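Below is the file upload.cif, which contains mmCIF, C-alpha atoms.
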```
data_my_file
loop_
_atom_site.group_PDB
_atom_site.id
_atom_site.type_symbol
_atom_site.label_atom_id
_atom_site.label_comp_id
_atom_site.auth_asym_id
_atom_site.auth_seq_id
_atom_site.Cartn_x
_atom_site.Cartn_y
_atom_site.Cartn_z
ATOM 1 C CA MET A 1 240.236 70.123 33.638
ATOM 2 C CA ARG A 2 243.741 69.221 34.759
ATOM 3 C CA VAL A 3 244.191 68.292 38.418
ATOM 4 C CA SER A 4 247.381 70.356 38.553
ATOM 5 C CA ARG A 5 245.477 73.561 37.785
ATOM 6 C CA LEU A 6 242.785 72.768 40.347
ATOM 7 C CA LEU A 7 245.402 71.985 43.004
ATOM 8 C CA THR A 8 247.128 75.260 42.185
ATOM 9 C CA ILE A 9 243.855 77.107 42.725
ATOM 10 C CA ALA A 10 243.260 75.156 45.954
ATOM 11 C CA THR A 11 246.444 76.644 47.435
ATOM 12 C CA LEU A 12 245.170 80.212 47.058
ATOM 13 C CA ASN A 13 243.711 82.200 49.959
ATOM 14 C CA LEU A 14 240.295 82.667 48.378
ATOM 15 C CA SER A 15 236.752 81.626 49.193
ATOM 16 C CA THR A 16 235.475 78.421 47.619
ATOM 17 C CA GLU A 17 233.174 80.319 45.268
ATOM 18 C CA GLU A 18 236.073 82.502 44.131
ATOM 19 C CA LYS A 19 238.148 79.379 43.514
ATOM 20 C CA ARG A 20 235.310 77.839 41.513
ATOM 21 C CA ARG A 21 235.008 80.925 39.295
ATOM 22 C CA LEU A 22 238.757 81.006 38.796
ATOM 23 C CA ALA A 23 238.761 77.326 37.872
ATOM 24 C CA MET A 24 236.111 77.966 35.212
ATOM 25 C CA ASP A 25 238.100 80.832 33.663
ATOM 26 C CA VAL A 26 240.693 78.834 31.732
ATOM 27 C CA ARG A 27 242.072 82.024 30.163
ATOM 28 C CA LYS A 28 243.497 83.229 33.469
ATOM 29 C CA THR A 29 246.953 82.035 34.471
ATOM 30 C CA VAL A 30 247.297 80.951 38.095
ATOM 31 C CA SER A 31 250.459 80.699 40.173
ATOM 32 C CA PRO A 32 250.440 78.391 43.228
ATOM 33 C CA SER A 33 251.131 79.719 46.709
ATOM 34 C CA PHE A 34 253.549 76.835 47.282
ATOM 35 C CA PRO A 35 254.890 73.862 45.253
ATOM 36 C CA ILE A 36 252.258 71.390 44.099
ATOM 37 C CA GLN A 37 254.576 68.653 42.779
ATOM 38 C CA PRO A 38 254.559 66.731 46.110
ATOM 39 C CA MET A 39 250.760 66.798 46.030
ATOM 40 C CA LEU A 40 250.658 65.514 42.457
ATOM 41 C CA ARG A 41 252.914 62.640 43.488
ATOM 42 C CA PHE A 42 250.597 61.924 46.428
ATOM 43 C CA TYR A 43 247.543 61.617 44.168
ATOM 44 C CA SER A 44 249.435 59.457 41.683
ATOM 45 C CA ARG A 45 249.625 56.692 44.302
ATOM 46 C CA PRO A 46 246.919 53.997 44.282
ATOM 47 C CA GLY A 47 244.038 54.711 46.650
ATOM 48 C CA ASN A 48 244.614 58.468 46.973
ATOM 49 C CA LYS A 49 241.691 60.283 45.356
ATOM 50 C CA ILE A 50 240.439 63.856 45.111
ATOM 51 C CA VAL A 51 237.265 65.630 44.024
ATOM 52 C CA PHE A 52 236.674 69.363 43.756
ATOM 53 C CA TYR A 53 233.661 71.516 44.561
ATOM 54 C CA GLY A 54 231.255 71.536 41.632
ATOM 55 C CA MET A 55 232.301 68.133 40.298
ATOM 56 C CA ALA A 56 230.138 65.024 40.103
ATOM 57 C CA GLY A 57 230.507 62.966 43.268
ATOM 58 C CA TYR A 58 231.071 65.942 45.546
ATOM 59 C CA PRO A 59 228.694 65.407 48.533
ATOM 60 C CA SER A 60 225.576 67.529 48.123
ATOM 61 C CA SER A 61 225.316 68.066 51.897
ATOM 62 C CA LEU A 62 228.673 69.860 51.816
ATOM 63 C CA ALA A 63 227.872 71.813 48.652
ATOM 64 C CA GLU A 64 224.954 73.404 50.534
ATOM 65 C CA LEU A 65 227.241 74.959 53.159
ATOM 66 C CA GLU A 66 228.053 78.671 53.042
ATOM 67 C CA ASN A 67 231.732 78.038 52.267
ATOM 68 C CA PRO A 68 232.277 74.347 51.456
ATOM 69 C CA PRO A 69 235.804 72.983 51.061
ATOM 70 C CA PHE A 70 237.153 73.347 47.527
ATOM 71 C CA PRO A 71 239.085 70.033 47.487
ATOM 72 C CA LEU A 72 238.117 66.779 49.189
ATOM 73 C CA SER A 73 240.790 64.115 49.454
ATOM 74 C CA TYR A 74 239.577 60.608 50.163
ATOM 75 C CA SER A 75 240.248 56.895 49.966
ATOM 76 C CA GLU A 76 237.824 54.297 48.615
ATOM 77 C CA ARG A 77 234.654 56.403 48.430
ATOM 78 C CA LEU A 78 232.736 59.426 49.671
ATOM 79 C CA PRO A 79 229.319 59.508 51.383
ATOM 80 C CA LYS A 80 226.345 59.073 49.058
ATOM 81 C CA PRO A 81 222.748 60.334 49.500
ATOM 82 C CA GLY A 82 221.439 56.880 50.499
ATOM 83 C CA ASP A 83 223.979 56.324 53.278
ATOM 84 C CA ARG A 84 222.592 56.214 56.833
ATOM 85 C CA ILE A 85 225.359 58.142 58.546
ATOM 86 C CA ILE A 86 225.526 58.677 62.295
ATOM 87 C CA ALA A 87 228.294 60.948 63.560
ATOM 88 C CA LEU A 88 229.831 60.051 66.918
ATOM 89 C CA ALA A 89 232.002 62.465 68.896
ATOM 90 C CA GLY A 90 233.460 62.440 72.379
ATOM 91 C CA SER A 91 236.472 63.179 74.526
ATOM 92 C CA ARG A 92 239.987 61.970 73.755
ATOM 93 C CA ARG A 93 240.299 61.360 77.512
ATOM 94 C CA CYS A 94 237.326 59.100 78.166
ATOM 95 C CA ASP A 95 237.434 56.854 81.210
ATOM 96 C CA TYR A 96 236.841 53.101 80.975
ATOM 97 C CA GLU A 97 233.064 53.512 81.067
ATOM 98 C CA GLY A 98 233.201 55.989 78.205
ATOM 99 C CA LEU A 99 235.478 53.817 76.058
ATOM 100 C CA GLN A 100 233.340 50.737 76.729
ATOM 101 C CA GLY A 101 230.225 52.697 75.811
ATOM 102 C CA ALA A 102 231.846 53.968 72.590
ATOM 103 C CA TYR A 103 232.879 50.455 71.540
ATOM 104 C CA HIS A 104 229.466 48.895 72.081
ATOM 105 C CA LEU A 105 227.650 51.869 70.583
ATOM 106 C CA GLY A 106 229.781 51.702 67.427
ATOM 107 C CA LYS A 107 229.256 47.947 67.156
ATOM 108 C CA ALA A 108 225.493 48.165 67.663
ATOM 109 C CA LEU A 109 225.024 50.969 65.136
ATOM 110 C CA ALA A 110 227.134 49.132 62.566
ATOM 111 C CA GLU A 111 225.065 45.972 63.073
ATOM 112 C CA MET A 112 221.943 48.062 62.366
ATOM 113 C CA ASP A 113 223.530 49.113 59.045
ATOM 114 C CA PHE A 114 224.282 52.668 60.069
ATOM 115 C CA ILE A 115 227.635 53.970 58.856
ATOM 116 C CA LEU A 116 229.714 55.687 61.503
ATOM 117 C CA LEU A 117 231.271 59.078 60.858
ATOM 118 C CA VAL A 118 234.037 59.839 63.343
ATOM 119 C CA SER A 119 237.290 61.768 63.608
ATOM 120 C CA ASN A 120 240.820 60.404 63.572
ATOM 121 C CA SER A 121 241.217 61.278 67.266
ATOM 122 C CA HIS A 122 241.976 58.796 70.029
ATOM 123 C CA GLY A 123 239.549 58.122 72.862
ATOM 124 C CA PHE A 124 235.807 57.944 72.190
ATOM 125 C CA ASP A 125 236.031 58.225 68.395
ATOM 126 C CA ARG A 126 238.695 55.540 68.051
ATOM 127 C CA TRP A 127 236.874 53.049 70.271
ATOM 128 C CA ALA A 128 233.633 53.610 68.379
ATOM 129 C CA ARG A 129 235.505 52.755 65.168
ATOM 130 C CA LEU A 130 236.908 49.627 66.790
ATOM 131 C CA GLY A 131 233.374 48.606 67.687
ATOM 132 C CA ALA A 132 232.257 48.981 64.070
ATOM 133 C CA GLN A 133 235.324 47.031 62.930
ATOM 134 C CA SER A 134 234.322 44.179 65.251
ATOM 135 C CA ALA A 135 231.055 44.030 63.288
ATOM 136 C CA ASN A 136 233.097 43.882 60.053
ATOM 137 C CA LYS A 137 231.940 47.334 58.979
ATOM 138 C CA ARG A 138 233.940 50.329 57.801
ATOM 139 C CA SER A 139 233.555 53.860 59.096
ATOM 140 C CA PHE A 140 233.980 57.245 57.470
ATOM 141 C CA VAL A 141 236.860 59.033 59.191
ATOM 142 C CA LEU A 142 236.862 62.801 58.672
ATOM 143 C CA CYS A 143 240.411 63.941 59.359
ATOM 144 C CA ASP A 144 241.674 67.182 60.877
ATOM 145 C CA CYS A 145 244.751 67.266 58.612
ATOM 146 C CA GLY A 146 245.938 66.131 55.190
ATOM 147 C CA LEU A 147 245.905 62.434 54.350
ATOM 148 C CA GLY A 148 249.626 62.509 53.599
ATOM 149 C CA THR A 149 250.685 63.670 57.066
ATOM 150 C CA LYS A 150 252.314 61.316 59.572
ATOM 151 C CA ARG A 151 249.325 61.857 61.853
ATOM 152 C CA ILE A 152 247.346 59.764 59.370
ATOM 153 C CA THR A 153 249.886 57.528 57.633
ATOM 154 C CA THR A 154 251.346 56.175 60.895
ATOM 155 C CA ASN A 155 247.962 55.488 62.510
ATOM 156 C CA ARG A 156 247.456 51.787 61.829
ATOM 157 C CA SER A 157 243.943 51.786 63.264
ATOM 158 C CA LEU A 158 242.822 53.844 60.244
ATOM 159 C CA GLN A 159 243.745 51.143 57.738
ATOM 160 C CA GLY A 160 240.712 49.953 55.815
ATOM 161 C CA GLU A 161 238.476 52.880 56.794
ATOM 162 C CA TYR A 162 236.944 55.420 54.413
ATOM 163 C CA LEU A 163 239.261 58.398 54.966
ATOM 164 C CA ILE A 164 238.135 61.922 54.056
ATOM 165 C CA SER A 165 240.004 65.207 54.389
ATOM 166 C CA PRO A 166 239.017 68.731 53.297
ATOM 167 C CA PHE A 167 242.678 69.759 53.528
ATOM 168 C CA LEU A 168 245.625 69.545 51.170
ATOM 169 C CA PRO A 169 247.668 66.338 51.587
ATOM 170 C CA TYR A 170 250.449 67.681 53.792
ATOM 171 C CA GLU A 171 248.490 70.275 55.770
ATOM 172 C CA GLU A 172 249.052 69.682 59.478
ATOM 173 C CA ALA A 173 246.348 69.732 62.154
ATOM 174 C CA SER A 174 245.627 73.008 63.947
ATOM 175 C CA PRO A 175 242.818 74.441 66.087
ATOM 176 C CA GLN A 176 241.301 75.928 62.923
ATOM 177 C CA THR A 177 241.366 72.673 60.970
ATOM 178 C CA CYS A 178 239.662 70.929 63.887
ATOM 179 C CA LEU A 179 236.863 73.510 63.907
ATOM 180 C CA SER A 180 236.428 73.205 60.143
ATOM 181 C CA ARG A 181 236.331 69.412 60.445
ATOM 182 C CA ASN A 182 233.578 69.660 63.071
ATOM 183 C CA VAL A 183 231.343 71.695 60.749
ATOM 184 C CA LEU A 184 231.717 69.118 57.988
ATOM 185 C CA THR A 185 231.041 66.266 60.422
ATOM 186 C CA ALA A 186 227.681 67.803 61.267
ATOM 187 C CA ALA A 187 226.862 68.465 57.614
ATOM 188 C CA LEU A 188 227.589 64.914 56.438
ATOM 189 C CA SER A 189 225.609 63.175 59.189
ATOM 190 C CA THR A 190 221.968 62.248 59.581
ATOM 191 C CA ALA A 191 222.212 62.610 63.375
ATOM 192 C CA VAL A 192 224.922 63.092 66.002
ATOM 193 C CA ILE A 193 225.582 61.153 69.216
ATOM 194 C CA ILE A 194 227.855 62.729 71.805
ATOM 195 C CA GLY A 195 229.741 60.577 74.309
ATOM 196 C CA GLN A 196 231.672 61.737 77.345
ATOM 197 C CA ALA A 197 232.683 65.361 76.810
ATOM 198 C CA PRO A 198 234.113 67.968 79.204
ATOM 199 C CA LYS A 199 233.012 71.601 79.222
ATOM 200 C CA ARG A 200 235.564 72.698 76.629
ATOM 201 C CA SER A 201 235.252 69.963 74.040
ATOM 202 C CA GLY A 202 235.298 69.732 70.267
ATOM 203 C CA ALA A 203 232.430 67.263 70.592
ATOM 204 C CA LEU A 204 230.202 70.072 71.863
ATOM 205 C CA HIS A 205 231.191 72.143 68.832
ATOM 206 C CA VAL A 206 230.076 69.254 66.611
ATOM 207 C CA ALA A 207 226.762 69.186 68.482
ATOM 208 C CA GLY A 208 226.301 72.937 68.105
ATOM 209 C CA CYS A 209 226.996 72.771 64.373
ATOM 210 C CA ALA A 210 224.519 69.908 64.006
ATOM 211 C CA LEU A 211 221.801 71.827 65.817
ATOM 212 C CA ASP A 212 222.456 74.858 63.611
ATOM 213 C CA LEU A 213 221.904 72.621 60.578
ATOM 214 C CA GLY A 214 218.687 71.163 61.988
ATOM 215 C CA LYS A 215 220.130 67.730 62.779
ATOM 216 C CA ASP A 216 219.093 65.566 65.743
ATOM 217 C CA VAL A 217 221.616 65.441 68.593
ATOM 218 C CA PHE A 218 221.705 62.746 71.296
ATOM 219 C CA VAL A 219 223.907 62.059 74.312
ATOM 220 C CA HIS A 220 225.101 58.556 75.096
ATOM 221 C CA ARG A 221 224.386 57.292 78.616
ATOM 222 C CA SER A 222 228.115 57.116 79.395
ATOM 223 C CA GLY A 223 228.269 60.904 79.052
ATOM 224 C CA ILE A 224 225.817 61.485 81.907
ATOM 225 C CA GLY A 225 227.389 61.992 85.317
ATOM 226 C CA ASN A 226 229.212 64.420 87.562
ATOM 227 C CA ARG A 227 232.819 63.728 86.582
ATOM 228 C CA PRO A 228 234.779 66.492 84.797
ATOM 229 C CA ASN A 229 234.850 64.522 81.548
ATOM 230 C CA GLN A 230 231.020 64.433 81.613
ATOM 231 C CA GLU A 231 230.266 68.077 82.402
ATOM 232 C CA GLY A 232 229.834 69.112 78.760
ATOM 233 C CA SER A 233 227.760 66.126 77.712
ATOM 234 C CA LEU A 234 225.593 66.442 80.834
ATOM 235 C CA PHE A 235 224.984 70.122 80.029
ATOM 236 C CA LEU A 236 223.992 69.136 76.492
ATOM 237 C CA HIS A 237 221.416 66.673 77.857
ATOM 238 C CA GLN A 238 220.106 69.240 80.346
ATOM 239 C CA SER A 239 219.678 71.598 77.403
ATOM 240 C CA GLY A 240 217.354 69.133 75.686
ATOM 241 C CA ALA A 241 219.417 66.432 73.958
ATOM 242 C CA PRO A 242 217.831 62.982 74.570
ATOM 243 C CA ILE A 243 219.832 60.104 76.025
ATOM 244 C CA VAL A 244 220.569 56.964 74.017
ATOM 245 C CA GLY A 245 221.602 53.815 75.837
ATOM 246 C CA GLY A 246 220.025 52.172 78.851
ATOM 247 C CA ASP A 247 221.324 51.966 82.393
ATOM 248 C CA ASP A 248 224.037 49.713 80.993
ATOM 249 C CA PRO A 249 226.174 52.023 78.801
ATOM 250 C CA SER A 250 227.017 49.118 76.531
ATOM 251 C CA GLN A 251 223.381 48.811 75.427
ATOM 252 C CA PRO A 252 222.456 51.680 73.083
ATOM 253 C CA VAL A 253 218.954 52.196 71.758
ATOM 254 C CA MET A 254 218.243 52.807 68.105
ATOM 255 C CA VAL A 255 218.073 56.451 66.989
#
```
Mind converting the file's structure to structure tokens?
Amino acid sequence: MRVSRLLTIATLNLSTEEKRRLAMDVRKTVSPSFPIQPMLRFYSRPGNKIVFYGMAGYPSSLAELENPPFPLSYSERLPKPGDRIIALAGSRRCDYEGLQGAYHLGKALAEMDFILLVSNSHGFDRWARLGAQSANKRSFVLCDCGLGTKRITTNRSLQGEYLISPFLPYEEASPQTCLSRNVLTAALSTAVIIGQAPKRSGALHVAGCALDLGKDVFVHRSGIGNRPNQEGSLFLHQSGAPIVGGDDPSQPVMV
């Protein structure tokens, strides 16, 4: 089936199942909601790939969701069933202890052959990626916007990582895209580790989604304390999430 038709269907305001049925009905003509030529040019460039719901290679853990994303843009490769994926999430405004903890946690997990799954955000997620990079390992980066946006293309720290986006190439980040990204983060992971997180934090949404899906959720030692940027992660631990990491936040324990 032609990518242009599938991209046209992806622009429509329909559920994923409705888009799948429409894609299968080749007799029905479809008009895009907005021009798709820029998107076709994006996918014609080396390294820019796309897979659609129902196709071979589409992650089974996402296909099991109630309303999985219809398109998945990516670079290099997508998660496979045998991957040992640990999702890490924390505040964009971590203090030094939190950033140090993220770096060493990412490095230690990568050295144990776990693959990190993080967001494209600064703070905890970025420093965890840097830790994995120091161990010469790549991370999956699940983005909150399209892979063709400046938010991604101008972020040099993302070079060489496995980028994934459930959004069309030039779709900008918004509160809704961040929430959608958090659901997919939980679905793709084996377990989730939360770093420093304030009360109102996307990291806590990731944790909640993971618990809803029956995944294990942990809190890193650097997220335990009485500072404002630890209130959410401390609450998560008090609610039953075990701590990983010893008294020294740079020394995580295996999950």
Would you kindly return, as number ranges by chain, each protein, DNA or RNA residue with an atom no farther than 9 Å from any atom of stretch 82-95 of chain A, considering all atoms listed in the file and excluding same-chain residues fewer than 3 positions away?
A: 79, 98-100, 102, 106, 109, 113-119, 121-126, 128, 140, 185-186, 188-198, 201-204, 206-207, 223, 229-230, 233
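Across A:Pro46, A:Pro169, A:Tyr96, A:Thr16, the tightest approach to A:Ser73 is made by A:Pro169 when counting all atoms listed in the file.
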To verify the selection step, state as a VMD selection string which residues the PyMOL selection byres ((chain A and resi 142) around 6) yields on this input.
chain A and resid 119 141 143 164 to 165
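Here atom CA of A:Met39 stands at a distance of 24.4 Å from atom CA of A:Asn182.
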For A:Ala132: contacts at 9 Å, only C-alpha atoms, fewer than 2 positions along chain excluded, given as number ranges by chain:
A: 103-111, 115-116, 127-130, 134-139
Residues picked by the PyMOL selection byres ((chain A and resi 26) around 12) here, as a list in words?
Met1, Arg2, Arg5, Leu6, Ile9, Arg20, Arg21, Leu22, Ala23, Met24, Asp25, Arg27, Lys28, Thr29 and Val30 of chain A
Smallest atom-to-atom distance to A:Pro81: which of A:Pro69, A:Gly101, A:Gly57, A:Gly131, using all atoms listed in the file?
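Of A:Pro69, A:Gly101, A:Gly57, A:Gly131, the one nearest A:Pro81 is A:Gly57, counting all atoms listed in the file.
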Tell me which of A:Leu234, A:Leu7, A:Val217, A:Leu184 sits closest to A:Phe42, counting all atoms listed in the file.
A:Leu7
Between A:Ile152, A:Val244, A:Cys145, A:Ile224, which is the closest to A:Glu97 once you count only C-alpha atoms?
A:Ile224
Between atom CA of A:Arg45 and atom CA of A:Gln133, what distance in Å does the model show, to one decimal?
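Pair atom CA of A:Arg45 / atom CA of A:Gln133 returns 25.4 Å.
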How would you write, as number ranges by chain, the residues chosen by the PyMOL selection byres ((chain A and resi 77) around 9) on this structure?
A: 49, 74-76, 78-80, 162-164
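Here atom CA of A:Leu62 stands at a distance of 21.8 Å from atom CA of A:Glu172.
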Quick one: of A:Arg200, A:Phe52, A:Pro175, A:Asn120, who's nearest to A:Gln159, counting only C-alpha atoms?
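Of all the options, A:Asn120 lies closest to A:Gln159.
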From the list A:Asn13, A:Asn155, A:Ser4, A:Ser60, which residue is nearest A:Tyr43 when using only C-alpha atoms?
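Among the listed residues, the smallest separation from A:Tyr43 belongs to A:Ser4.
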